[in-house]
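Q: For reference, the file structure-v2.cif (mmCIF, C-alpha atoms) is included below:
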```cif
data_upload
loop_
_atom_site.label_atom_id
_atom_site.label_comp_id
_atom_site.auth_asym_id
_atom_site.auth_seq_id
_atom_site.Cartn_x
_atom_site.Cartn_y
_atom_site.Cartn_z
CA MET S 5 -42.49 -1.76 1.33
CA LYS S 6 -42.17 -1.56 -2.43
CA LEU S 7 -39.54 0.22 -4.52
CA ASN S 8 -37.59 0.19 -7.75
CA ILE S 9 -33.88 0.90 -7.92
CA GLU S 10 -31.13 0.68 -10.52
CA ARG S 11 -29.05 -2.45 -9.99
CA GLY S 12 -25.67 -0.64 -10.05
CA GLU S 13 -26.70 1.86 -7.36
CA LEU S 14 -28.08 -0.88 -5.11
CA LEU S 15 -25.00 -3.06 -5.61
CA LYS S 16 -22.62 -0.23 -4.74
CA SER S 17 -24.47 0.58 -1.50
CA LEU S 18 -24.87 -3.07 -0.50
CA GLY S 19 -21.15 -3.55 -1.12
CA HIS S 20 -20.39 -0.81 1.41
CA ILE S 21 -22.95 -2.03 3.94
CA GLN S 22 -22.43 -5.81 3.89
CA SER S 23 -18.69 -5.39 4.43
CA VAL S 24 -19.35 -4.52 8.09
CA VAL S 25 -21.49 -7.63 8.66
CA GLU S 26 -19.56 -10.57 10.15
CA ARG S 27 -19.90 -13.88 8.31
CA ARG S 28 -20.54 -15.76 11.54
CA ASN S 29 -23.01 -14.37 14.03
CA THR S 30 -24.58 -15.82 17.15
CA ILE S 31 -27.20 -13.04 17.02
CA PRO S 32 -29.27 -13.56 13.82
CA ILE S 33 -30.29 -9.90 13.37
CA LEU S 34 -26.61 -8.89 13.08
CA SER S 35 -26.40 -10.89 9.83
CA ASN S 36 -29.04 -8.66 8.30
CA VAL S 37 -29.08 -5.31 6.55
CA LEU S 38 -31.79 -2.82 7.48
CA LEU S 39 -33.75 -1.56 4.45
CA GLU S 40 -36.03 1.45 4.84
CA SER S 41 -37.78 3.12 1.90
CA GLU S 42 -39.29 6.62 2.06
CA ASP S 43 -39.50 9.85 0.07
CA GLY S 44 -37.68 8.59 -3.01
CA ARG S 45 -34.74 7.12 -1.14
CA LEU S 46 -33.64 3.74 0.17
CA ASN S 47 -31.78 3.87 3.48
CA LEU S 48 -29.52 0.93 4.29
CA ALA S 49 -27.80 0.16 7.60
CA ALA S 50 -25.74 -2.60 9.21
CA THR S 51 -23.88 -3.08 12.49
CA ASP S 52 -21.74 -5.55 14.42
CA LEU S 53 -22.45 -3.64 17.67
CA ASP S 54 -18.97 -2.04 17.54
CA ILE S 55 -19.32 -0.43 14.11
CA ALA S 56 -22.47 0.94 12.49
CA ILE S 57 -22.79 2.08 8.89
CA GLY S 58 -25.64 3.82 7.13
CA GLU S 59 -26.06 4.89 3.52
CA SER S 60 -28.85 6.55 1.54
CA VAL S 61 -29.44 6.01 -2.17
CA VAL S 62 -32.02 7.29 -4.67
CA ALA S 63 -34.88 4.88 -5.34
CA GLU S 64 -38.41 5.04 -6.73
CA THR S 65 -40.57 4.55 -3.66
CA GLN S 66 -44.00 3.03 -4.34
CA GLU S 67 -44.87 1.93 -0.81
CA PRO S 68 -42.83 3.22 2.16
CA GLY S 69 -41.76 0.76 4.83
CA GLY S 70 -38.84 -1.22 6.13
CA ILE S 71 -37.48 -4.68 6.89
CA THR S 72 -34.16 -6.47 7.52
CA ALA S 73 -32.79 -9.10 5.13
CA PRO S 74 -29.67 -11.33 5.09
CA ALA S 75 -26.91 -8.95 4.02
CA HIS S 76 -24.47 -11.27 2.25
CA THR S 77 -27.19 -13.24 0.46
CA LEU S 78 -28.91 -10.09 -0.79
CA TYR S 79 -25.57 -8.69 -1.96
CA ASP S 80 -24.74 -11.91 -3.85
CA ILE S 81 -28.16 -11.91 -5.53
CA VAL S 82 -27.87 -8.31 -6.71
CA ARG S 83 -24.25 -8.87 -7.80
CA LYS S 84 -25.38 -11.65 -10.15
CA LEU S 85 -28.24 -9.72 -11.72
CA PRO S 86 -27.69 -8.27 -15.25
CA ASP S 87 -25.94 -4.89 -15.55
CA GLY S 88 -28.31 -1.97 -15.99
CA SER S 89 -31.39 -3.87 -14.83
CA GLN S 90 -34.09 -2.36 -12.64
CA VAL S 91 -34.52 -4.18 -9.36
CA GLU S 92 -37.85 -4.29 -7.54
CA LEU S 93 -37.81 -4.88 -3.79
CA TYR S 94 -41.14 -5.79 -2.27
CA TYR S 95 -41.88 -6.79 1.29
CA ASP S 96 -45.23 -8.45 1.88
CA LEU S 97 -46.44 -8.27 5.48
CA ASP S 98 -48.53 -11.40 5.00
CA SER S 99 -45.68 -13.64 3.79
CA THR S 100 -42.98 -11.94 5.94
CA ARG S 101 -40.60 -12.37 3.01
CA LEU S 102 -38.67 -9.94 0.82
CA SER S 103 -39.16 -10.40 -2.92
CA ILE S 104 -36.38 -9.34 -5.31
CA SER S 105 -37.29 -9.12 -8.98
CA ALA S 106 -35.25 -8.10 -12.03
CA GLY S 107 -36.22 -9.06 -15.56
CA ARG S 108 -37.21 -12.72 -15.43
CA SER S 109 -35.38 -13.38 -12.16
CA ARG S 110 -37.25 -13.56 -8.88
CA PHE S 111 -36.01 -14.38 -5.39
CA THR S 112 -37.60 -14.43 -1.95
CA LEU S 113 -35.65 -14.07 1.30
CA SER S 114 -36.64 -14.76 4.89
CA CYS S 115 -36.64 -11.56 6.93
CA LEU S 116 -36.54 -10.30 10.49
CA PRO S 117 -38.57 -7.29 11.70
CA ARG S 118 -36.85 -3.93 11.62
CA GLU S 119 -37.95 -3.32 15.23
CA ASP S 120 -35.36 -5.94 16.29
CA PHE S 121 -32.50 -4.14 14.55
CA PRO S 122 -30.06 -2.72 17.15
CA VAL S 123 -29.35 0.99 17.06
CA MET S 124 -25.97 2.21 18.35
CA SER S 125 -26.52 4.95 20.91
CA GLU S 126 -24.37 7.80 19.64
CA GLY S 127 -24.70 10.57 22.23
CA GLU S 128 -22.90 13.88 21.80
CA PHE S 129 -19.85 14.44 19.57
CA PRO S 130 -18.20 17.56 21.04
CA VAL S 131 -15.18 17.61 18.68
CA ASN S 132 -15.82 18.14 14.96
CA PHE S 133 -13.45 18.84 12.08
CA LYS S 134 -13.07 18.15 8.36
CA VAL S 135 -10.27 16.47 6.42
CA THR S 136 -9.98 15.72 2.72
CA GLY S 137 -10.44 12.17 1.56
CA VAL S 138 -6.95 12.29 0.01
CA ASN S 139 -5.26 13.20 3.32
CA LEU S 140 -7.29 10.63 5.25
CA LYS S 141 -6.31 7.91 2.77
CA ARG S 142 -2.63 8.84 3.10
CA LEU S 143 -2.78 8.80 6.91
CA ILE S 144 -4.37 5.34 6.89
CA ASP S 145 -2.06 3.89 4.24
CA LYS S 146 1.09 5.21 5.90
CA THR S 147 0.26 3.73 9.30
CA ARG S 148 -2.17 0.82 9.30
CA PHE S 149 0.34 -1.82 8.14
CA ALA S 150 2.02 -1.46 11.55
CA VAL S 151 -1.18 -2.01 13.57
CA SER S 152 -0.83 -5.01 15.90
CA THR S 153 -3.02 -8.08 15.44
CA GLU S 154 -2.17 -9.41 18.91
CA GLU S 155 -5.44 -9.42 20.83
CA THR S 156 -3.68 -9.54 24.20
CA ARG S 157 -2.25 -6.07 23.54
CA TYR S 158 -5.64 -4.72 22.48
CA TYR S 159 -4.53 -1.10 22.91
CA LEU S 160 -2.22 -1.56 19.89
CA ASN S 161 -5.05 -2.93 17.69
CA GLY S 162 -5.72 0.41 16.03
CA ILE S 163 -4.35 3.76 14.88
CA TYR S 164 -3.64 6.30 17.62
CA LEU S 165 -5.00 9.64 16.39
CA HIS S 166 -4.19 12.86 18.23
CA ALA S 167 -3.28 16.53 17.94
CA ALA S 168 0.49 17.07 18.17
CA THR S 169 3.34 19.45 17.40
CA ASP S 170 5.94 18.38 14.82
CA ASP S 171 9.70 18.95 14.87
CA ASN S 172 9.23 22.38 13.25
CA GLY S 173 6.77 23.53 15.92
CA GLU S 174 3.79 23.21 13.56
CA ASN S 175 0.44 21.94 14.83
CA VAL S 176 -0.43 18.64 13.15
CA LEU S 177 -2.97 15.85 13.21
CA ARG S 178 -0.90 12.73 13.84
CA GLY S 179 -1.59 9.05 13.31
CA VAL S 180 0.63 6.41 14.94
CA ALA S 181 0.58 2.62 14.81
CA THR S 182 2.96 0.02 16.24
CA ASP S 183 3.07 -3.69 16.93
CA GLY S 184 6.23 -3.54 19.03
CA HIS S 185 8.45 -4.55 16.07
CA ARG S 186 7.91 -1.49 13.87
CA LEU S 187 6.30 1.91 14.24
CA ALA S 188 4.69 4.16 11.65
CA ARG S 189 3.96 7.84 12.24
CA PHE S 190 2.28 10.24 9.84
CA ASP S 191 1.59 13.96 10.27
CA MET S 192 -0.80 16.13 8.28
CA ASP S 193 -1.86 19.75 8.67
CA GLN S 194 -4.09 20.11 11.71
CA PRO S 195 -7.67 20.83 10.62
CA GLU S 196 -9.63 23.63 12.25
CA GLY S 197 -11.42 22.25 15.29
CA ALA S 198 -8.99 19.36 15.92
CA ALA S 199 -6.76 21.13 18.47
CA ASP S 200 -8.94 20.11 21.42
CA MET S 201 -9.44 16.49 20.40
CA PRO S 202 -8.56 13.77 22.92
CA GLY S 203 -5.99 11.12 21.98
CA ILE S 204 -8.04 8.23 20.60
CA ILE S 205 -7.40 4.72 19.27
CA VAL S 206 -9.46 3.91 16.15
CA PRO S 207 -9.93 0.10 15.86
CA ARG S 208 -8.34 -1.85 13.03
CA LYS S 209 -11.69 -2.96 11.53
CA ALA S 210 -13.06 0.59 11.50
CA VAL S 211 -9.89 1.80 9.79
CA GLY S 212 -10.21 -0.91 7.14
CA GLU S 213 -13.89 -0.17 6.46
CA LEU S 214 -13.25 3.56 6.24
CA ARG S 215 -10.36 3.04 3.82
CA LYS S 216 -12.58 1.03 1.47
CA LEU S 217 -15.35 3.62 1.62
CA ILE S 218 -13.09 6.58 0.75
CA ASP S 219 -11.07 4.73 -1.89
CA GLU S 220 -12.51 6.79 -4.74
CA TYR S 221 -13.69 9.77 -2.68
CA GLU S 222 -11.66 12.97 -2.71
CA GLY S 223 -14.09 15.42 -1.10
CA GLU S 224 -14.20 16.45 2.54
CA VAL S 225 -14.91 13.97 5.32
CA LYS S 226 -16.49 15.28 8.51
CA VAL S 227 -14.93 13.66 11.59
CA SER S 228 -16.91 13.81 14.85
CA LEU S 229 -15.47 12.62 18.16
CA SER S 230 -16.45 11.82 21.70
CA ASP S 231 -14.42 10.03 24.36
CA THR S 232 -15.88 6.67 23.33
CA LYS S 233 -16.90 6.95 19.64
CA ILE S 234 -15.85 8.36 16.29
CA ARG S 235 -18.08 9.16 13.33
CA PHE S 236 -17.11 9.76 9.70
CA SER S 237 -19.69 11.48 7.46
CA PHE S 238 -19.33 12.07 3.73
CA SER S 239 -21.42 11.82 0.58
CA ASP S 240 -24.51 9.83 1.70
CA ILE S 241 -22.55 7.59 4.09
CA VAL S 242 -22.15 7.68 7.87
CA LEU S 243 -19.71 5.30 9.59
CA THR S 244 -19.72 5.22 13.40
CA SER S 245 -17.33 3.16 15.52
CA LYS S 246 -16.59 2.59 19.16
CA LEU S 247 -13.04 3.53 20.14
CA ILE S 248 -10.57 1.19 21.83
CA ASP S 249 -10.82 1.75 25.56
CA GLY S 250 -7.16 1.71 26.48
CA THR S 251 -4.02 3.82 26.81
CA PHE S 252 -1.66 3.96 23.85
CA PRO S 253 1.97 3.71 25.00
CA ASP S 254 4.32 6.70 24.90
CA TYR S 255 5.57 6.09 21.36
CA THR S 256 8.02 9.02 21.50
CA ARG S 257 10.30 6.91 23.72
CA VAL S 258 10.69 4.40 20.88
CA ILE S 259 11.86 6.97 18.33
CA PRO S 260 15.65 7.28 18.71
CA GLU S 261 17.41 10.64 18.45
CA GLY S 262 21.08 9.70 18.15
CA ASN S 263 21.05 7.76 14.87
CA ASP S 264 23.98 9.36 13.02
CA LYS S 265 24.91 6.68 10.47
CA ASN S 266 22.87 7.68 7.41
CA MET S 267 22.39 5.62 4.28
CA GLU S 268 20.48 6.79 1.24
CA VAL S 269 19.39 4.32 -1.42
CA ASN S 270 16.80 3.98 -4.17
CA SER S 271 13.74 2.61 -2.36
CA ASN S 272 12.49 0.48 -5.26
CA VAL S 273 15.91 -1.06 -5.87
CA LEU S 274 16.31 -1.86 -2.17
CA ALA S 275 12.81 -3.37 -1.97
CA GLU S 276 13.38 -5.56 -5.00
CA SER S 277 16.73 -6.75 -3.63
CA VAL S 278 15.30 -7.55 -0.19
CA ASP S 279 12.44 -9.41 -1.84
CA ARG S 280 14.85 -11.47 -3.96
CA VAL S 281 17.27 -12.54 -1.23
CA SER S 282 14.46 -13.26 1.24
CA THR S 283 13.08 -15.89 -1.12
CA ILE S 284 15.17 -18.53 0.66
CA SER S 285 14.59 -17.30 4.22
CA THR S 286 12.57 -19.50 6.55
CA ASP S 287 9.03 -18.47 7.48
CA LYS S 288 9.92 -18.40 11.16
CA THR S 289 12.65 -15.77 11.07
CA ARG S 290 12.41 -14.13 7.62
CA SER S 291 15.63 -12.35 8.57
CA VAL S 292 17.89 -10.43 6.20
CA LYS S 293 21.33 -9.04 7.11
CA LEU S 294 22.47 -5.62 5.91
CA ALA S 295 26.22 -4.97 5.86
CA MET S 296 27.14 -1.34 5.13
CA GLY S 297 30.51 -0.08 3.98
CA ALA S 298 31.74 2.98 2.09
CA GLY S 299 29.23 3.49 -0.73
CA GLN S 300 28.10 -0.11 -0.62
CA LEU S 301 25.39 -2.29 0.90
CA LYS S 302 25.48 -6.07 0.97
CA LEU S 303 22.27 -7.97 1.63
CA SER S 304 22.52 -11.58 2.73
CA VAL S 305 20.26 -14.37 3.91
CA HIS S 306 21.44 -17.68 5.36
CA SER S 307 18.95 -20.52 5.72
CA PRO S 308 20.00 -23.92 7.14
CA GLU S 309 17.26 -25.52 5.05
CA HIS S 310 17.58 -23.70 1.72
CA GLY S 311 21.08 -22.24 1.45
CA THR S 312 22.30 -18.66 1.05
CA ALA S 313 21.57 -15.56 -1.00
CA THR S 314 23.56 -12.34 -1.34
CA GLU S 315 23.19 -9.15 -3.33
CA GLU S 316 25.24 -5.95 -3.43
CA LEU S 317 23.97 -2.42 -4.03
CA LEU S 318 25.61 0.95 -4.56
CA VAL S 319 24.39 3.36 -1.87
CA SER S 320 25.24 6.69 -0.32
CA TYR S 321 26.93 5.76 2.96
CA GLU S 322 30.06 7.30 4.50
CA SER S 323 29.98 6.17 8.15
CA ASP S 324 31.74 3.27 9.88
CA ASP S 325 31.20 -0.25 8.61
CA MET S 326 28.35 -2.00 10.39
CA GLU S 327 26.01 -4.97 10.15
CA ILE S 328 22.38 -5.18 11.23
CA GLY S 329 19.54 -7.66 10.77
CA PHE S 330 15.85 -7.05 10.07
CA ASN S 331 12.68 -9.00 9.49
CA SER S 332 12.45 -8.79 5.70
CA ARG S 333 8.65 -8.59 5.65
CA TYR S 334 8.62 -5.66 8.07
CA LEU S 335 11.28 -3.89 6.01
CA LEU S 336 9.32 -4.45 2.79
CA ASP S 337 6.11 -3.15 4.39
CA ILE S 338 7.86 0.14 5.18
CA LEU S 339 9.58 0.43 1.80
CA ALA S 340 6.17 -0.03 0.12
CA GLN S 341 5.08 3.27 1.68
CA ILE S 342 8.03 5.28 0.35
CA GLU S 343 6.64 7.44 -2.45
CA GLY S 344 9.89 9.13 -3.52
CA ASP S 345 12.83 7.53 -5.27
CA THR S 346 15.10 7.67 -2.22
CA VAL S 347 14.74 6.30 1.29
CA GLN S 348 16.98 7.55 4.09
CA VAL S 349 17.92 4.93 6.66
CA ALA S 350 19.47 6.19 9.90
CA PHE S 351 21.33 3.67 12.11
CA ALA S 352 22.91 3.88 15.56
CA ASP S 353 24.22 0.34 16.06
CA ALA S 354 23.19 -3.26 15.47
CA ALA S 355 21.00 -3.40 18.57
CA ALA S 356 19.25 -0.01 18.37
CA PRO S 357 16.04 0.94 16.53
CA THR S 358 16.53 2.20 12.98
CA ILE S 359 14.70 5.19 11.47
CA LEU S 360 13.50 5.24 7.85
CA ARG S 361 12.33 8.42 6.13
CA ASP S 362 10.81 9.28 2.78
CA LEU S 363 12.85 12.26 1.55
CA THR S 364 9.86 13.55 -0.43
CA ASP S 365 7.43 13.36 2.50
CA GLU S 366 8.34 15.13 5.73
CA GLY S 367 5.15 13.95 7.41
CA ALA S 368 6.08 10.26 7.38
CA LEU S 369 8.51 8.53 9.74
CA TYR S 370 9.10 4.84 10.36
CA VAL S 371 10.98 2.97 13.09
CA LEU S 372 12.14 -0.62 12.69
CA MET S 373 13.52 -2.80 15.48
CA PRO S 374 16.55 -4.91 14.53
CA MET S 375 16.80 -8.67 15.00
CA ARG S 376 19.73 -10.97 15.57
CA VAL S 377 21.01 -12.77 12.51
#
```
Let me see the structure of the file written as structure tokens.

A:
Amino acid sequence: MKLNIERGELLKSLGHIQSVVERRNTIPILSNVLLESEDGRLNLAATDLDIAIGESVVAETQEPGGITAPAHTLYDIVRKLPDGSQVELYYDLDSTRLSISAGRSRFTLSCLPREDFPVMSEGEFPVNFKVTGVNLKRLIDKTRFAVSTEETRYYLNGIYLHAATDDNGENVLRGVATDGHRLARFDMDQPEGAADMPGIIVPRKAVGELRKLIDEYEGEVKVSLSDTKIRFSFSDIVLTSKLIDGTFPDYTRVIPEGNDKNMEVNSNVLAESVDRVSTISTDKTRSVKLAMGAGQLKLSVHSPEHGTATEELLVSYESDDMEIGFNSRYLLDILAQIEGDTVQVAFADAAAPTILRDLTDEGALYVLMPMRV
């Protein structure tokens, strides 16, 4: 294998590919990236056996062939090469090493044969639809902060994606995530072909990798589904992931319907105030108390170790006086997703779940469980 490629193009593709590779592997081949050169293109691939990613990039092929090389090491080498340089990759069958040359720099890496590289069996993908990169980014951003990291409740370790009907009777594609303390739900227009999709749980790592890949991409993403796998195809990239084999709980039972005490407040002002008063809260509880009265909100934190903090805000609130406590970090995570100036907070009582809405975004809804303070 012998090829020439522009350093920036190679770096960009390696950045996408090596992100999937785990730093610690008991199976050596999983630490490697597969490099295959043919017909003026370099094809790169990596997998951790649960996620597989492939990307194709233009390269000047001199000798077709393929090999696998240590992903992170190769990425670090290319990252440190001069901007704009031409990189030559050459694999010599006799030395079983990959040579990397650019200008006066030359490196050699130990390799493993491409025949050993595992290929994820994909099978059929009976459900196919397209979504824009912008909508996919919004769905991920609005929900993934609430994904659970508790491995014992593995069925909460991802975003639940399914076809649904919203409150107005419109067909939507809905993403839901919860860790038992907060819930995030986001609806977007249902794409053609998504009506028959099964309810699936996309793993946290796959969500994170996809979000990085589409960060600057605004075109259409093709989504292909089976009962066990999901595939995202766009540009010259294909990301395939196994789905979480579990049943997502009935989240609709968590969303309260009788919350009639409504408060409206500037979301940025509330976030800044919560952040300030929580400075003295202990790491264990991180609790903040909200006391609502006519047109007024008082935030307070009491820490046996550090002291107290209070702050008062002018809000729109006309219901009975009430007090409720929240985990300040969970509250800030939700407020960070509010795009408009105003957040609507709907309470029932101090022990019931609270609903938060972005008044400029009907598709987003958040539920936050209270805590004792």

Q: Restricting the calculation to only C-alpha atoms, which member of S:Ala167, S:Leu214, S:Ile205, S:Met267 is positioned closest to S:Asp191?

A: S:Ala167

Q: Restricting the calculation to only C-alpha atoms: of S:Lys293, S:Asn266, S:Gln300, S:Val281, which residue gets closest to S:Ala352?

A: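 Nearest to S:Ala352: S:Asn266.
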
Q: Got a sec: who's within 8 Å of stretch 333-335 of chain S, counting only C-alpha atoms, leaving out chain neighbours fewer than 3 positions off, as a PDB file with C-alpha atoms, keeping the file's coordinate frame?

A:
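Saved to part_33.pdb:
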```pdb
ATOM      1  CA  ARG S 186       7.910  -1.490  13.870  1.00  0.00           C
ATOM      2  CA  ARG S 290      12.410 -14.130   7.620  1.00  0.00           C
ATOM      3  CA  PHE S 330      15.850  -7.050  10.070  1.00  0.00           C
ATOM      4  CA  ILE S 338       7.860   0.140   5.180  1.00  0.00           C
ATOM      5  CA  LEU S 339       9.580   0.430   1.800  1.00  0.00           C
ATOM      6  CA  LEU S 372      12.140  -0.620  12.690  1.00  0.00           C
TER       7      LEU S 372
END
```

Q: Output the residue selection produced by the PyMOL selection byres ((chain S and resi 109-123) around 9) on the file above, formatted as a ChimeraX atom specification.

A: /S:32-34,36-40,50-51,53,56,70-74,77-78,81,85,100-108,124-126

Q: Hey, what comes out of the PyMOL selection byres ((chain S and resi 163) around 8) on this file? Could you write it as a tab-separated table (two decimals) with C-alpha atoms, in the coordinates of the input?

A:
```
chain	number	residue	atom	x	y	z
S	147	THR	CA	0.26	3.73	9.30
S	148	ARG	CA	-2.17	0.82	9.30
S	151	VAL	CA	-1.18	-2.01	13.57
S	160	LEU	CA	-2.22	-1.56	19.89
S	161	ASN	CA	-5.05	-2.93	17.69
S	162	GLY	CA	-5.72	0.41	16.03
S	164	TYR	CA	-3.64	6.30	17.62
S	165	LEU	CA	-5.00	9.64	16.39
S	179	GLY	CA	-1.59	9.05	13.31
S	180	VAL	CA	0.63	6.41	14.94
S	181	ALA	CA	0.58	2.62	14.81
S	205	ILE	CA	-7.40	4.72	19.27
S	206	VAL	CA	-9.46	3.91	16.15
S	207	PRO	CA	-9.93	0.10	15.86
S	208	ARG	CA	-8.34	-1.85	13.03
S	211	VAL	CA	-9.89	1.80	9.79
```

Q: Using all atoms listed in the file, can you tell me which of S:Glu268, S:Asp170, S:Asp43, S:Glu327 comes closest to S:Thr346?

A: S:Glu268

Q: Which residue, S:Glu26, S:Glu322, S:Asp193, S:Glu10, has the smallest gap to S:Leu93 when you use all atoms listed in the file?

A: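 Checking each candidate against S:Leu93, we get S:Glu10 as the closest.
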
Q: Which residue out of S:Lys146, S:Asn172, S:Arg11, S:Val319 has the minimum interatomic distance to S:Asp365 when all atoms listed in the file are used?

A: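 Checking each candidate against S:Asp365, we get S:Lys146 as the closest.
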
Q: Translate the PyMOL selection byres ((chain S and resi 315) around 8), as applied to the file shown, into an explicit residue set as a PyMOL selection string.

A: chain S and resi 277+281+302-304+313-314+316-317

Q: Mind working out the centre and edge lengths of an axis-aligned box for stretch 103-112 of chain S, all listed atoms inside, 6 Å added to each side, rounded to one decimal in Å and written as AutoDock Vina command-line options?

A:
```
--center_x -37.2 --center_y -11.3 --center_z -8.8 --size_x 15.9 --size_y 18.3 --size_z 25.6
```

Q: Just how far from atom CA of S:Gly344 is atom CA of S:Val292, in Å to one decimal?

A: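 Atom-to-atom, atom CA of S:Val292 to atom CA of S:Gly344, that is 23.3 Å.
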
Q: Report, in Å with one decimal, the straight-line distance from atom CA of S:Asp279 to atom CA of S:Leu369.

A: 21.7 Å

Q: Any chance you could build stretch 99-110 of chain S out to N, CA, C and O atoms and write it as a CSV table (one decimal), in the frame of the given file?

A:
```csv
chain,number,residue,atom,x,y,z
S,99,SER,N,-46.6,-12.5,4.0
S,99,SER,CA,-45.7,-13.6,3.8
S,99,SER,C,-44.4,-13.5,4.6
S,99,SER,O,-43.7,-14.4,4.8
S,100,THR,N,-44.2,-12.3,5.2
S,100,THR,CA,-43.0,-11.9,5.9
S,100,THR,C,-41.7,-12.3,5.2
S,100,THR,O,-40.7,-12.7,5.7
S,101,ARG,N,-41.8,-12.1,3.8
S,101,ARG,CA,-40.6,-12.4,3.0
S,101,ARG,C,-40.3,-11.2,2.1
S,101,ARG,O,-41.3,-10.5,1.7
S,102,LEU,N,-39.1,-11.0,1.8
S,102,LEU,CA,-38.7,-9.9,0.8
S,102,LEU,C,-38.5,-10.5,-0.6
S,102,LEU,O,-37.8,-11.5,-0.8
S,103,SER,N,-39.2,-9.9,-1.5
S,103,SER,CA,-39.2,-10.4,-2.9
S,103,SER,C,-38.2,-9.5,-3.7
S,103,SER,O,-38.3,-8.3,-3.6
S,104,ILE,N,-37.3,-10.1,-4.5
S,104,ILE,CA,-36.4,-9.3,-5.3
S,104,ILE,C,-36.6,-9.8,-6.7
S,104,ILE,O,-36.5,-11.0,-7.1
S,105,SER,N,-37.0,-8.8,-7.6
S,105,SER,CA,-37.3,-9.1,-9.0
S,105,SER,C,-36.5,-8.2,-9.9
S,105,SER,O,-36.3,-7.0,-9.7
S,106,ALA,N,-36.0,-8.8,-11.0
S,106,ALA,CA,-35.2,-8.1,-12.0
S,106,ALA,C,-35.4,-8.9,-13.3
S,106,ALA,O,-34.9,-10.0,-13.4
S,107,GLY,N,-36.0,-8.3,-14.3
S,107,GLY,CA,-36.2,-9.1,-15.6
S,107,GLY,C,-37.0,-10.3,-15.3
S,107,GLY,O,-38.1,-10.3,-14.7
S,108,ARG,N,-36.5,-11.5,-15.7
S,108,ARG,CA,-37.2,-12.7,-15.4
S,108,ARG,C,-36.8,-13.4,-14.2
S,108,ARG,O,-37.2,-14.5,-13.9
S,109,SER,N,-35.9,-12.8,-13.4
S,109,SER,CA,-35.4,-13.4,-12.2
S,109,SER,C,-36.2,-12.9,-11.0
S,109,SER,O,-36.6,-11.8,-10.9
S,110,ARG,N,-36.5,-13.9,-10.1
S,110,ARG,CA,-37.2,-13.6,-8.9
S,110,ARG,C,-36.7,-14.4,-7.7
S,110,ARG,O,-36.5,-15.6,-7.8
```
